[in-house]
>>> print(open('query28.json').read())   # JSON, C-alpha atoms and all ligand atoms
[["chain", "number", "residue", "atom", "x", "y", "z"],
["A", 1, "MET", "CA", -28.00, -4.21, -9.62],
["A", 2, "THR", "CA", -27.61, -1.93, -6.62],
["A", 3, "VAL", "CA", -23.82, -1.76, -6.98],
["A", 4, "HIS", "CA", -22.50, -0.75, -10.38],
["A", 5, "VAL", "CA", -19.05, -2.26, -10.96],
["A", 6, "GLU", "CA", -16.61, -1.02, -13.58],
["A", 7, "GLU", "CA", -13.58, -3.27, -14.00],
["A", 8, "ARG", "CA", -10.28, -1.94, -15.32],
["A", 9, "ASP", "CA", -6.86, -3.53, -15.52],
["A", 10, "ASP", "CA", -5.44, -2.03, -12.33],
["A", 11, "ARG", "CA", -8.59, -0.87, -10.51],
["A", 12, "VAL", "CA", -12.28, -1.45, -9.95],
["A", 13, "ILE", "CA", -14.78, 1.34, -9.47],
["A", 14, "ALA", "CA", -17.82, 0.29, -7.45],
["A", 15, "THR", "CA", -20.73, 2.73, -7.27],
["A", 16, "LEU", "CA", -23.50, 2.22, -4.72],
["A", 17, "ASP", "CA", -26.45, 2.77, -6.98],
["A", 18, "ARG", "CA", -29.80, 3.02, -5.27],
["A", 19, "PRO", "CA", -30.22, 6.78, -5.46],
["A", 20, "GLU", "CA", -34.00, 6.72, -4.88],
["A", 21, "LYS", "CA", -33.24, 5.34, -1.40],
["A", 22, "ARG", "CA", -30.14, 7.51, -0.94],
["A", 23, "ASN", "CA", -28.05, 4.35, -1.52],
["A", 24, "ALA", "CA", -29.32, 2.80, 1.73],
["A", 25, "ILE", "CA", -27.45, -0.46, 2.21],
["A", 26, "ASP", "CA", -29.82, -3.42, 1.93],
["A", 27, "GLN", "CA", -29.17, -7.16, 1.72],
["A", 28, "ASP", "CA", -28.84, -7.03, -2.10],
["A", 29, "MET", "CA", -26.11, -4.43, -1.77],
["A", 30, "ILE", "CA", -24.32, -6.49, 0.88],
["A", 31, "ASP", "CA", -24.48, -9.54, -1.43],
["A", 32, "ALA", "CA", -23.06, -7.42, -4.27],
["A", 33, "LEU", "CA", -20.24, -6.17, -2.00],
["A", 34, "HIS", "CA", -19.35, -9.78, -1.10],
["A", 35, "ALA", "CA", -19.25, -10.69, -4.82],
["A", 36, "LEU", "CA", -17.04, -7.66, -5.44],
["A", 37, "CYS", "CA", -14.68, -8.74, -2.62],
["A", 38, "ALA", "CA", -14.50, -12.27, -4.02],
["A", 39, "ALA", "CA", -13.38, -10.85, -7.39],
["A", 40, "LEU", "CA", -10.77, -8.59, -5.73],
["A", 41, "GLU", "CA", -9.44, -11.37, -3.50],
["A", 42, "GLU", "CA", -9.04, -13.52, -6.61],
["A", 43, "ARG", "CA", -7.41, -10.75, -8.65],
["A", 44, "PRO", "CA", -6.20, -7.93, -6.39],
["A", 45, "ARG", "CA", -6.72, -4.40, -7.69],
["A", 46, "THR", "CA", -7.25, -0.98, -6.13],
["A", 47, "LEU", "CA", -10.91, -0.37, -5.30],
["A", 48, "ILE", "CA", -12.62, 3.01, -5.63],
["A", 49, "LEU", "CA", -15.89, 3.01, -3.69],
["A", 50, "THR", "CA", -18.38, 5.76, -4.38],
["A", 51, "GLY", "CA", -22.11, 6.49, -4.53],
["A", 52, "SER", "CA", -24.52, 7.75, -7.17],
["A", 53, "GLY", "CA", -26.86, 10.75, -7.00],
["A", 54, "GLY", "CA", -24.67, 12.99, -4.85],
["A", 55, "VAL", "CA", -24.83, 10.61, -1.88],
["A", 56, "PHE", "CA", -22.38, 8.00, -0.60],
["A", 57, "ALA", "CA", -24.87, 6.02, 1.51],
["A", 58, "ALA", "CA", -27.54, 7.16, 3.97],
["A", 59, "GLY", "CA", -27.05, 4.14, 6.19],
["A", 60, "ALA", "CA", -28.24, 0.60, 6.46],
["A", 61, "ASP", "CA", -31.71, 0.16, 5.00],
["A", 62, "ILE", "CA", -33.96, 1.10, 7.91],
["A", 63, "ALA", "CA", -36.94, -0.75, 6.36],
["A", 64, "GLN", "CA", -34.94, -4.01, 6.54],
["A", 65, "LEU", "CA", -33.20, -3.11, 9.80],
["A", 66, "ARG", "CA", -36.51, -2.64, 11.65],
["A", 67, "ASP", "CA", -37.41, -6.31, 11.16],
["A", 68, "ARG", "CA", -34.00, -7.74, 11.99],
["A", 69, "THR", "CA", -33.75, -9.87, 15.12],
["A", 70, "ALA", "CA", -31.13, -10.63, 17.79],
["A", 71, "ALA", "CA", -29.98, -13.58, 15.67],
["A", 72, "ASP", "CA", -29.50, -11.23, 12.70],
["A", 73, "ALA", "CA", -27.46, -8.87, 14.90],
["A", 74, "ARG", "CA", -25.19, -11.77, 15.90],
["A", 75, "ARG", "CA", -24.55, -12.60, 12.22],
["A", 76, "GLY", "CA", -23.05, -9.11, 11.75],
["A", 77, "ILE", "CA", -24.52, -8.79, 8.27],
["A", 78, "ASN", "CA", -22.95, -5.43, 7.42],
["A", 79, "ALA", "CA", -19.92, -5.81, 9.70],
["A", 80, "MET", "CA", -18.73, -8.99, 7.95],
["A", 81, "ALA", "CA", -18.96, -7.36, 4.51],
["A", 82, "PHE", "CA", -17.11, -4.25, 5.70],
["A", 83, "ILE", "CA", -14.38, -6.36, 7.37],
["A", 84, "ARG", "CA", -13.94, -8.18, 4.08],
["A", 85, "ILE", "CA", -13.56, -4.84, 2.30],
["A", 86, "ARG", "CA", -11.06, -3.68, 4.94],
["A", 87, "GLU", "CA", -9.02, -6.84, 4.44],
["A", 88, "LEU", "CA", -8.81, -6.60, 0.63],
["A", 89, "PRO", "CA", -5.21, -7.04, -0.53],
["A", 90, "MET", "CA", -4.96, -3.75, -2.43],
["A", 91, "PRO", "CA", -5.94, -0.27, -1.18],
["A", 92, "VAL", "CA", -9.56, 0.86, -0.98],
["A", 93, "ILE", "CA", -10.35, 4.51, -1.69],
["A", 94, "ALA", "CA", -13.73, 5.89, -0.57],
["A", 95, "ALA", "CA", -14.80, 8.87, -2.69],
["A", 96, "ILE", "CA", -17.57, 10.38, -0.61],
["A", 97, "ASP", "CA", -20.10, 12.90, -1.87],
["A", 98, "GLY", "CA", -22.89, 14.04, 0.45],
["A", 99, "TYR", "CA", -24.37, 11.77, 3.10],
["A", 100, "ALA", "CA", -22.29, 8.98, 4.64],
["A", 101, "LEU", "CA", -24.47, 8.04, 7.60],
["A", 102, "GLY", "CA", -24.71, 5.01, 9.86],
["A", 103, "GLY", "CA", -23.65, 1.95, 7.87],
["A", 104, "GLY", "CA", -22.63, 4.30, 5.04],
["A", 105, "ALA", "CA", -20.13, 5.98, 7.38],
["A", 106, "GLU", "CA", -18.93, 2.58, 8.59],
["A", 107, "LEU", "CA", -18.35, 1.49, 5.00],
["A", 108, "ALA", "CA", -16.27, 4.64, 4.51],
["A", 109, "TYR", "CA", -14.32, 3.90, 7.73],
["A", 110, "ALA", "CA", -13.42, 0.51, 6.23],
["A", 111, "ALA", "CA", -11.56, 2.21, 3.37],
["A", 112, "ASP", "CA", -7.83, 2.90, 3.55],
["A", 113, "ILE", "CA", -8.12, 6.39, 2.06],
["A", 114, "ARG", "CA", -11.13, 8.72, 2.23],
["A", 115, "ILE", "CA", -11.67, 11.84, 0.15],
["A", 116, "ALA", "CA", -14.86, 13.88, 0.07],
["A", 117, "THR", "CA", -16.73, 16.87, -1.35],
["A", 118, "PRO", "CA", -17.83, 20.07, 0.44],
["A", 119, "SER", "CA", -21.33, 18.58, 0.87],
["A", 120, "LEU", "CA", -20.06, 15.75, 3.08],
["A", 121, "ALA", "CA", -22.27, 14.88, 6.07],
["A", 122, "ILE", "CA", -20.73, 11.95, 7.92],
["A", 123, "GLY", "CA", -21.72, 10.41, 11.23],
["A", 124, "ASN", "CA", -23.49, 7.68, 13.11],
["A", 125, "PRO", "CA", -27.05, 8.50, 14.13],
["A", 126, "GLU", "CA", -27.75, 4.86, 15.20],
["A", 127, "THR", "CA", -28.45, 5.57, 18.87],
["A", 128, "GLY", "CA", -31.28, 7.85, 17.77],
["A", 129, "LEU", "CA", -32.85, 4.81, 16.12],
["A", 130, "GLY", "CA", -32.48, 2.63, 19.21],
["A", 131, "ILE", "CA", -29.47, 0.65, 17.99],
["A", 132, "MET", "CA", -25.71, 1.08, 18.09],
["A", 133, "ALA", "CA", -23.19, 1.39, 15.31],
["A", 134, "ALA", "CA", -21.97, -2.22, 15.18],
["A", 135, "ALA", "CA", -20.35, -2.51, 11.75],
["A", 136, "GLY", "CA", -16.94, -1.12, 12.63],
["A", 137, "ALA", "CA", -17.47, 2.38, 14.02],
["A", 138, "THR", "CA", -16.66, 1.55, 17.66],
["A", 139, "TRP", "CA", -13.29, 0.02, 16.87],
["A", 140, "ARG", "CA", -12.32, 1.60, 13.56],
["A", 141, "LEU", "CA", -13.27, 5.22, 14.21],
["A", 142, "PRO", "CA", -11.00, 5.48, 17.32],
["A", 143, "GLU", "CA", -8.14, 4.13, 15.20],
["A", 144, "ILE", "CA", -8.77, 6.84, 12.61],
["A", 145, "VAL", "CA", -9.54, 9.93, 14.71],
["A", 146, "GLY", "CA", -8.65, 8.89, 18.29],
["A", 147, "GLU", "CA", -10.91, 7.82, 21.12],
["A", 148, "ALA", "CA", -11.97, 11.30, 22.28],
["A", 149, "ARG", "CA", -13.27, 12.33, 18.87],
["A", 150, "ALA", "CA", -14.81, 8.93, 18.19],
["A", 151, "SER", "CA", -16.67, 9.19, 21.50],
["A", 152, "ASP", "CA", -17.85, 12.70, 20.64],
["A", 153, "LEU", "CA", -19.26, 11.47, 17.34],
["A", 154, "LEU", "CA", -20.70, 8.11, 18.40],
["A", 155, "LEU", "CA", -22.14, 9.14, 21.77],
["A", 156, "THR", "CA", -23.92, 12.21, 20.42],
["A", 157, "GLY", "CA", -24.96, 10.83, 17.03],
["A", 158, "ARG", "CA", -24.04, 14.16, 15.47],
["A", 159, "THR", "CA", -22.85, 14.66, 11.92],
["A", 160, "LEU", "CA", -19.57, 16.20, 10.76],
["A", 161, "ASP", "CA", -19.39, 18.51, 7.77],
["A", 162, "ALA", "CA", -16.48, 18.49, 5.32],
["A", 163, "ASP", "CA", -14.41, 21.11, 7.17],
["A", 164, "GLU", "CA", -14.61, 19.33, 10.51],
["A", 165, "ALA", "CA", -14.02, 15.90, 8.94],
["A", 166, "LEU", "CA", -10.91, 17.28, 7.24],
["A", 167, "ARG", "CA", -9.68, 18.89, 10.47],
["A", 168, "TRP", "CA", -10.17, 15.59, 12.28],
["A", 169, "GLY", "CA", -8.30, 13.68, 9.58],
["A", 170, "LEU", "CA", -11.37, 11.54, 8.94],
["A", 171, "VAL", "CA", -11.03, 12.49, 5.28],
["A", 172, "SER", "CA", -7.65, 13.36, 3.82],
["A", 173, "ALA", "CA", -8.86, 15.85, 1.18],
["A", 174, "VAL", "CA", -11.97, 17.73, 0.05],
["A", 175, "HIS", "CA", -12.58, 18.39, -3.64],
["A", 176, "PRO", "CA", -15.44, 19.97, -5.61],
["A", 177, "ALA", "CA", -17.98, 17.31, -6.63],
["A", 178, "ASP", "CA", -16.85, 17.29, -10.27],
["A", 179, "ARG", "CA", -13.25, 16.63, -9.17],
["A", 180, "LEU", "CA", -14.04, 13.84, -6.71],
["A", 181, "LEU", "CA", -13.69, 10.88, -9.07],
["A", 182, "PRO", "CA", -10.76, 12.32, -11.06],
["A", 183, "GLU", "CA", -8.92, 12.83, -7.74],
["A", 184, "ALA", "CA", -9.76, 9.27, -6.64],
["A", 185, "HIS", "CA", -8.36, 8.03, -9.96],
["A", 186, "ALA", "CA", -5.24, 10.17, -9.46],
["A", 187, "ILE", "CA", -4.67, 8.37, -6.14],
["A", 188, "ALA", "CA", -5.22, 5.02, -7.89],
["A", 189, "ASP", "CA", -2.73, 6.12, -10.59],
["A", 190, "ARG", "CA", -0.09, 6.80, -7.95],
["A", 191, "ILE", "CA", -0.73, 3.43, -6.35],
["A", 192, "GLY", "CA", -0.66, 1.77, -9.78],
["A", 193, "ALA", "CA", 2.78, 3.22, -10.54],
["A", 194, "ASN", "CA", 4.22, 1.43, -7.49],
["A", 195, "ASP", "CA", 4.94, -2.26, -7.12],
["A", 196, "ALA", "CA", 1.68, -4.10, -6.38],
["A", 197, "LEU", "CA", 3.27, -6.67, -4.06],
["A", 198, "ALA", "CA", 5.07, -3.96, -2.07],
["A", 199, "THR", "CA", 1.76, -2.10, -1.76],
["A", 200, "GLN", "CA", -0.06, -5.24, -0.60],
["A", 201, "HIS", "CA", 2.63, -6.01, 1.97],
["A", 202, "THR", "CA", 2.55, -2.43, 3.25],
["A", 203, "LYS", "CA", -1.22, -2.64, 3.67],
["A", 204, "ARG", "CA", -0.85, -5.96, 5.46],
["A", 205, "ALA", "CA", 1.72, -4.54, 7.86],
["A", 206, "LEU", "CA", -0.53, -1.54, 8.53],
["A", 207, "ARG", "CA", -3.37, -3.96, 9.38],
["A", 208, "THR", "CA", -1.25, -6.14, 11.69],
["A", 209, "PRO", "CA", -1.70, -5.80, 15.48],
["A", 210, "ARG", "CA", 1.14, -4.00, 17.28],
["A", 211, "ALA", "CA", 2.38, -7.10, 19.13],
["A", 212, "GLN", "CA", 3.39, -8.69, 15.83],
["A", 213, "HIS", "CA", 5.68, -5.82, 14.82],
["A", 214, "PRO", "CA", 8.45, -5.72, 13.76],
["A", 215, "ALA", "CA", 8.55, -9.47, 12.99],
["A", 216, "ILE", "CA", 5.81, -9.07, 10.36],
["A", 217, "GLU", "CA", 7.76, -6.37, 8.49],
["A", 218, "PHE", "CA", 10.89, -8.51, 8.47],
["A", 219, "GLU", "CA", 9.03, -11.43, 6.90],
["A", 220, "LEU", "CA", 7.20, -9.33, 4.33],
["A", 221, "GLN", "CA", 10.34, -7.37, 3.48],
["A", 222, "ALA", "CA", 12.31, -10.59, 3.12],
["A", 223, "GLU", "CA", 9.95, -11.65, 0.37],
["A", 224, "LEU", "CA", 10.27, -8.24, -1.34],
["A", 225, "PHE", "CA", 14.08, -8.18, -1.07],
["A", 226, "ASP", "CA", 14.17, -11.39, -3.08],
["A", 227, "SER", "CA", 11.63, -10.25, -5.68],
["A", 228, "PRO", "CA", 12.75, -9.63, -9.27],
["A", 229, "GLU", "CA", 10.62, -6.48, -9.36],
["A", 230, "LYS", "CA", 12.65, -4.92, -6.52],
["A", 231, "HIS", "CA", 15.84, -5.66, -8.43],
["A", 232, "ARG", "CA", 14.40, -4.27, -11.65],
["A", 233, "ARG", "CA", 13.10, -1.05, -10.05],
["A", 234, "MET", "CA", 16.32, -0.36, -8.10],
["A", 235, "THR", "CA", 18.50, -1.07, -11.13],
["A", 236, "ALA", "CA", 16.37, 1.29, -13.20],
["A", 237, "PHE", "CA", 16.80, 3.99, -10.53],
["A", 238, "LEU", "CA", 20.57, 3.55, -10.35],
["A", 239, "GLU", "CA", 20.92, 3.49, -14.13],
["A", 240, "ARG", "CA", 18.89, 6.71, -14.43],
["A", 241, "ARG", "CA", 21.20, 8.36, -11.87],
["A", 242, "ALA", "CA", 24.30, 7.11, -13.63],
["A", 243, "ALA", "CA", 23.03, 8.38, -16.99],
["A", 244, "ARG", "CA", 22.29, 11.79, -15.44],
["A", 245, "THR", "CA", 25.76, 11.96, -13.88],
["A", 246, "ARG", "CA", 27.35, 11.04, -17.23],
["A", 247, "GLN", "CA", 25.35, 13.77, -18.99],
["A", 248, "HIS", "CA", 26.36, 16.28, -16.30],
["A", 249, "ASP", "CA", 30.05, 15.33, -16.56],
["A", 250, "GLU", "CA", 29.97, 15.61, -20.35],
["A", 251, "ARG", "CA", 28.41, 19.10, -20.09],
["A", 252, "THR", "CA", 30.95, 20.36, -17.55],
["A", 253, "THR", "CA", 34.01, 19.00, -19.42],
["A", 254, "ARG", "CA", 32.87, 20.45, -22.73],
["B", 301, "LIG", "N1", -32.94, 3.33, 4.98],
["B", 301, "LIG", "C1", -34.00, 3.18, 4.19],
["B", 301, "LIG", "N2", -34.47, 4.15, 3.39],
["B", 301, "LIG", "C2", -33.82, 5.32, 3.39],
["B", 301, "LIG", "C3", -32.70, 5.57, 4.18],
["B", 301, "LIG", "C4", -32.24, 4.49, 5.01],
["B", 301, "LIG", "N3", -31.16, 4.60, 5.79],
["B", 301, "LIG", "N4", -32.28, 6.82, 3.97],
["B", 301, "LIG", "C5", -33.11, 7.35, 3.06],
["B", 301, "LIG", "N5", -34.04, 6.46, 2.71],
["B", 301, "LIG", "C6", -35.15, 6.61, 1.76],
["B", 301, "LIG", "C7", -36.29, 7.42, 2.35],
["B", 301, "LIG", "O1", -37.12, 6.61, 3.14],
["B", 301, "LIG", "C8", -36.95, 7.90, 1.10],
["B", 301, "LIG", "O2", -37.72, 6.84, 0.56],
["B", 301, "LIG", "P1", -39.20, 7.13, -0.06],
["B", 301, "LIG", "O3", -38.96, 8.09, -1.19],
["B", 301, "LIG", "O4", -39.65, 5.79, -0.51],
["B", 301, "LIG", "O5", -39.99, 7.74, 1.05],
["B", 301, "LIG", "C9", -35.78, 8.13, 0.15],
["B", 301, "LIG", "O6", -34.71, 7.35, 0.66],
["B", 301, "LIG", "C10", -35.33, 9.56, 0.10],
["B", 301, "LIG", "O7", -35.11, 9.99, 1.41],
["B", 301, "LIG", "P2", -35.47, 11.46, 1.91],
["B", 301, "LIG", "O8", -35.42, 11.45, 3.39],
["B", 301, "LIG", "O9", -36.73, 11.93, 1.26],
["B", 301, "LIG", "O10", -34.24, 12.26, 1.29],
["B", 301, "LIG", "P3", -33.60, 13.61, 1.79],
["B", 301, "LIG", "O11", -32.59, 13.97, 0.75],
["B", 301, "LIG", "O12", -34.65, 14.63, 2.14],
["B", 301, "LIG", "O13", -32.85, 13.25, 3.15],
["B", 301, "LIG", "C11", -31.40, 11.93, 4.55],
["B", 301, "LIG", "C12", -31.72, 12.44, 3.13],
["B", 301, "LIG", "C13", -30.17, 11.03, 4.40],
["B", 301, "LIG", "C14", -31.09, 13.10, 5.48],
["B", 301, "LIG", "C15", -32.59, 11.16, 5.12],
["B", 301, "LIG", "O14", -33.06, 10.25, 4.15],
["B", 301, "LIG", "C16", -32.26, 10.36, 6.36],
["B", 301, "LIG", "O15", -32.19, 10.93, 7.45],
["B", 301, "LIG", "N6", -32.05, 9.03, 6.19],
["B", 301, "LIG", "C17", -31.75, 8.16, 7.31],
["B", 301, "LIG", "C18", -30.36, 8.38, 7.85],
["B", 301, "LIG", "C19", -30.05, 7.43, 9.00],
["B", 301, "LIG", "O16", -30.57, 7.54, 10.09],
["B", 301, "LIG", "N7", -29.14, 6.49, 8.74],
["B", 301, "LIG", "C20", -28.68, 5.57, 9.72],
["B", 301, "LIG", "C21", -29.30, 4.25, 9.55],
["B", 301, "LIG", "S1", -28.61, 3.09, 10.70]]
>>> encode(input="query28.json", output="structure tokens", more="lines below")
Ligand code: COA
Amino acid sequence: MTVHVEERDDRVIATLDRPEKRNAIDQDMIDALHALCAALEERPRTLILTGSGGVFAAGADIAQLRDRTAADARRGINAMAFIRIRELPMPVIAAIDGYALGGGAELAYAADIRIATPSLAIGNPETGLGIMAAAGATWRLPEIVGEARASDLLLTGRTLDADEALRWGLVSAVHPADRLLPEAHAIADRIGANDALATQHTKRALRTPRAQHPAIEFELQAELFDSPEKHRRMTAFLERRAARTRQHDERTTR
């Protein structure tokens, strides 16, 4: 298997695992990512995406890419898998060590949250290979870093290091390699402590085109306002406050 999948109750950790090819994304890996998405659509959980061998992914597999035709391009082989990842109900965290190039970078752009290590090298060298980045970079990167920076990266094919990626907001944090996965799990822990439906609705609203706001929020919030979990969580909050106030009053009247 080129993607190692570890299933837990509230999260799934998927590791691109083809280190001898720097985790280059081939058809097998795309098939495995679709299977992973099917499982997460069926039973939504937070996804942590990472790579083995100190690399996230060094791009689409150039050996396969070289033989692909115009018809293959129109099928959007990688793009469709990455869109499916982007649309997963629960958050996707990309934990990026080392190279995230070409399709590897586009897979990272499909995540909701990106964290990295100091050895990060992220960018889209596609034009140097006679193709363009067509699996999300041209529309997703401008959303993440703005059009000027996306143009700088995509039109030059240059690579960002960790410092520049952090300055640009392309990654939200940089951690030493041995802290990368623990920090990704800490983010998943925070998400797991919140209400899953509220998280899913927030992600959905974030993904909704501007013209549909604020109607989309009203509908999603309407469902949450009627949910028993909202009532339970707010009651718990109010009861905690009331108990604290009682304790405080008892102390001051003693
Ligand atoms: N597609 C297919 N194979 C790839 C690959 C890719 N995108 N990236 C790396 N590999 C393979 C190499 O061909 C090599 O295979 P081999 O051992 O059978 O010859 C193996 O992975 C190791 O690569 P190597 O270049 O020796 O590793 P490195 O650590 O010295 O360099 C990179 C790493 C990422 C800088 C370099 O492999 C590279 O430039 N890869 C291509 C990046 C790219 O252009 N991606 C965009 C694709 S659209």
>>> axis_aligned_box(input="query28.json", around="ligand LIG 301 (chain B)", padding_each_side="3 Å", output="AutoDock Vina command-line options")
--center_x -34.3 --center_y 8.9 --center_z 4.8 --size_x 17.4 --size_y 17.5 --size_z 17.9
>>> closest_residue(input="query28.json", among="A:Ala79, A:Gly59, A:Ala95, A:Thr199", to="Arg140 (chain A)", atoms="all atoms listed in the file")
A:Ala79
>>> closest_residue(input="query28.json", among="A:Arg158, A:Arg8, A:Arg45, A:Arg86", to="ligand LIG 301 (chain B)", atoms="all atoms listed in the file")
A:Arg158
>>> residues_near_ligand(input="query28.json", ligand="ligand LIG 301 (chain B)", cutoff="9 Å", atoms="only C-alpha atoms and all ligand atoms", output="ChimeraX atom specification")
/A:18-26,55,57-65,98-105,121,123-129,131-133
>>> closest_residue(input="query28.json", among="A:Thr202, A:Thr2, A:Thr15, A:Thr69", to="Gly54 (chain A)", atoms="only C-alpha atoms")
A:Thr15
>>> atom_distance(input="query28.json", atom1="CA of Ile191 (chain A)", atom2="CA of Arg232 (chain A)")
17.8 Å
>>> closest_residue(input="query28.json", among="A:Thr253, A:Thr208, A:Gln27, A:Thr50", to="Asp72 (chain A)", atoms="only C-alpha atoms")
A:Gln27
>>> closest_residue(input="query28.json", among="A:Ala134, A:Ala111, A:Ile48, A:Leu166", to="Arg74 (chain A)", atoms="all atoms listed in the file")
A:Ala134
>>> closest_residue(input="query28.json", among="A:Asp28, A:Asp112, A:Glu106, A:Asp249", to="Ser172 (chain A)", atoms="only C-alpha atoms")
A:Asp112
>>> atom_distance(input="query28.json", atom1="CA of Ala162 (chain A)", atom2="CA of Pro176 (chain A)")
11.1 Å
>>> atom_distance(input="query28.json", atom1="CA of Ala14 (chain A)", atom2="CA of Ser52 (chain A)")
10.0 Å
>>> decode(input="query28.json", residues="region 125-189 of chain A", atoms="C-alpha atoms", output="CSV table (one decimal), in the first residue's frame")
chain,number,residue,atom,x,y,z
A,125,PRO,CA,7.7,23.6,-10.6
A,126,GLU,CA,5.3,22.3,-13.2
A,127,THR,CA,6.0,24.9,-15.9
A,128,GLY,CA,9.6,23.7,-15.9
A,129,LEU,CA,8.3,20.3,-16.9
A,130,GLY,CA,6.2,21.7,-19.7
A,131,ILE,CA,2.8,21.4,-17.9
A,132,MET,CA,0.8,23.6,-15.5
A,133,ALA,CA,-0.3,23.1,-12.0
A,134,ALA,CA,-3.9,21.9,-12.7
A,135,ALA,CA,-4.9,20.1,-9.5
A,136,GLY,CA,-5.9,23.2,-7.5
A,137,ALA,CA,-3.0,25.5,-7.3
A,138,THR,CA,-4.4,28.2,-9.7
A,139,TRP,CA,-7.6,28.6,-7.7
A,140,ARG,CA,-6.7,27.5,-4.2
A,141,LEU,CA,-3.4,29.1,-3.7
A,142,PRO,CA,-4.8,32.7,-4.4
A,143,GLU,CA,-7.5,32.0,-1.8
A,144,ILE,CA,-4.8,31.0,0.7
A,145,VAL,CA,-2.0,33.6,0.1
A,146,GLY,CA,-3.6,36.1,-2.3
A,147,GLU,CA,-3.2,36.5,-6.0
A,148,ALA,CA,0.1,38.5,-6.0
A,149,ARG,CA,1.9,35.8,-4.0
A,150,ALA,CA,0.2,33.0,-5.9
A,151,SER,CA,1.4,34.5,-9.2
A,152,ASP,CA,4.9,34.9,-7.8
A,153,LEU,CA,5.0,31.2,-6.9
A,154,LEU,CA,3.2,29.7,-9.9
A,155,LEU,CA,4.7,31.9,-12.6
A,156,THR,CA,8.3,31.4,-11.5
A,157,GLY,CA,8.1,27.8,-10.3
A,158,ARG,CA,10.2,28.7,-7.4
A,159,THR,CA,10.1,27.0,-4.0
A,160,LEU,CA,9.4,28.5,-0.6
A,161,ASP,CA,11.3,27.6,2.5
A,162,ALA,CA,9.6,27.3,5.9
A,163,ASP,CA,10.3,30.9,7.0
A,164,GLU,CA,8.8,32.4,3.8
A,165,ALA,CA,5.8,29.9,3.8
A,166,LEU,CA,5.1,30.9,7.4
A,167,ARG,CA,5.4,34.7,6.6
A,168,TRP,CA,3.0,34.2,3.7
A,169,GLY,CA,0.5,32.3,5.9
A,170,LEU,CA,0.8,29.2,3.6
A,171,VAL,CA,1.6,27.2,6.7
A,172,SER,CA,0.2,28.3,10.1
A,173,ALA,CA,3.1,26.9,12.2
A,174,VAL,CA,6.6,25.4,11.9
A,175,HIS,CA,7.7,22.8,14.4
A,176,PRO,CA,10.9,20.6,14.7
A,177,ALA,CA,10.4,17.3,12.8
A,178,ASP,CA,10.0,15.3,16.0
A,179,ARG,CA,7.2,17.6,17.1
A,180,LEU,CA,5.3,17.7,13.8
A,181,LEU,CA,2.9,14.8,14.4
A,182,PRO,CA,2.4,15.5,18.1
A,183,GLU,CA,1.4,19.1,17.1
A,184,ALA,CA,-0.9,17.8,14.4
A,185,HIS,CA,-2.5,15.5,17.0
A,186,ALA,CA,-2.8,18.5,19.4
A,187,ILE,CA,-4.8,20.3,16.7
A,188,ALA,CA,-7.0,17.2,16.2
A,189,ASP,CA,-7.5,17.0,20.0
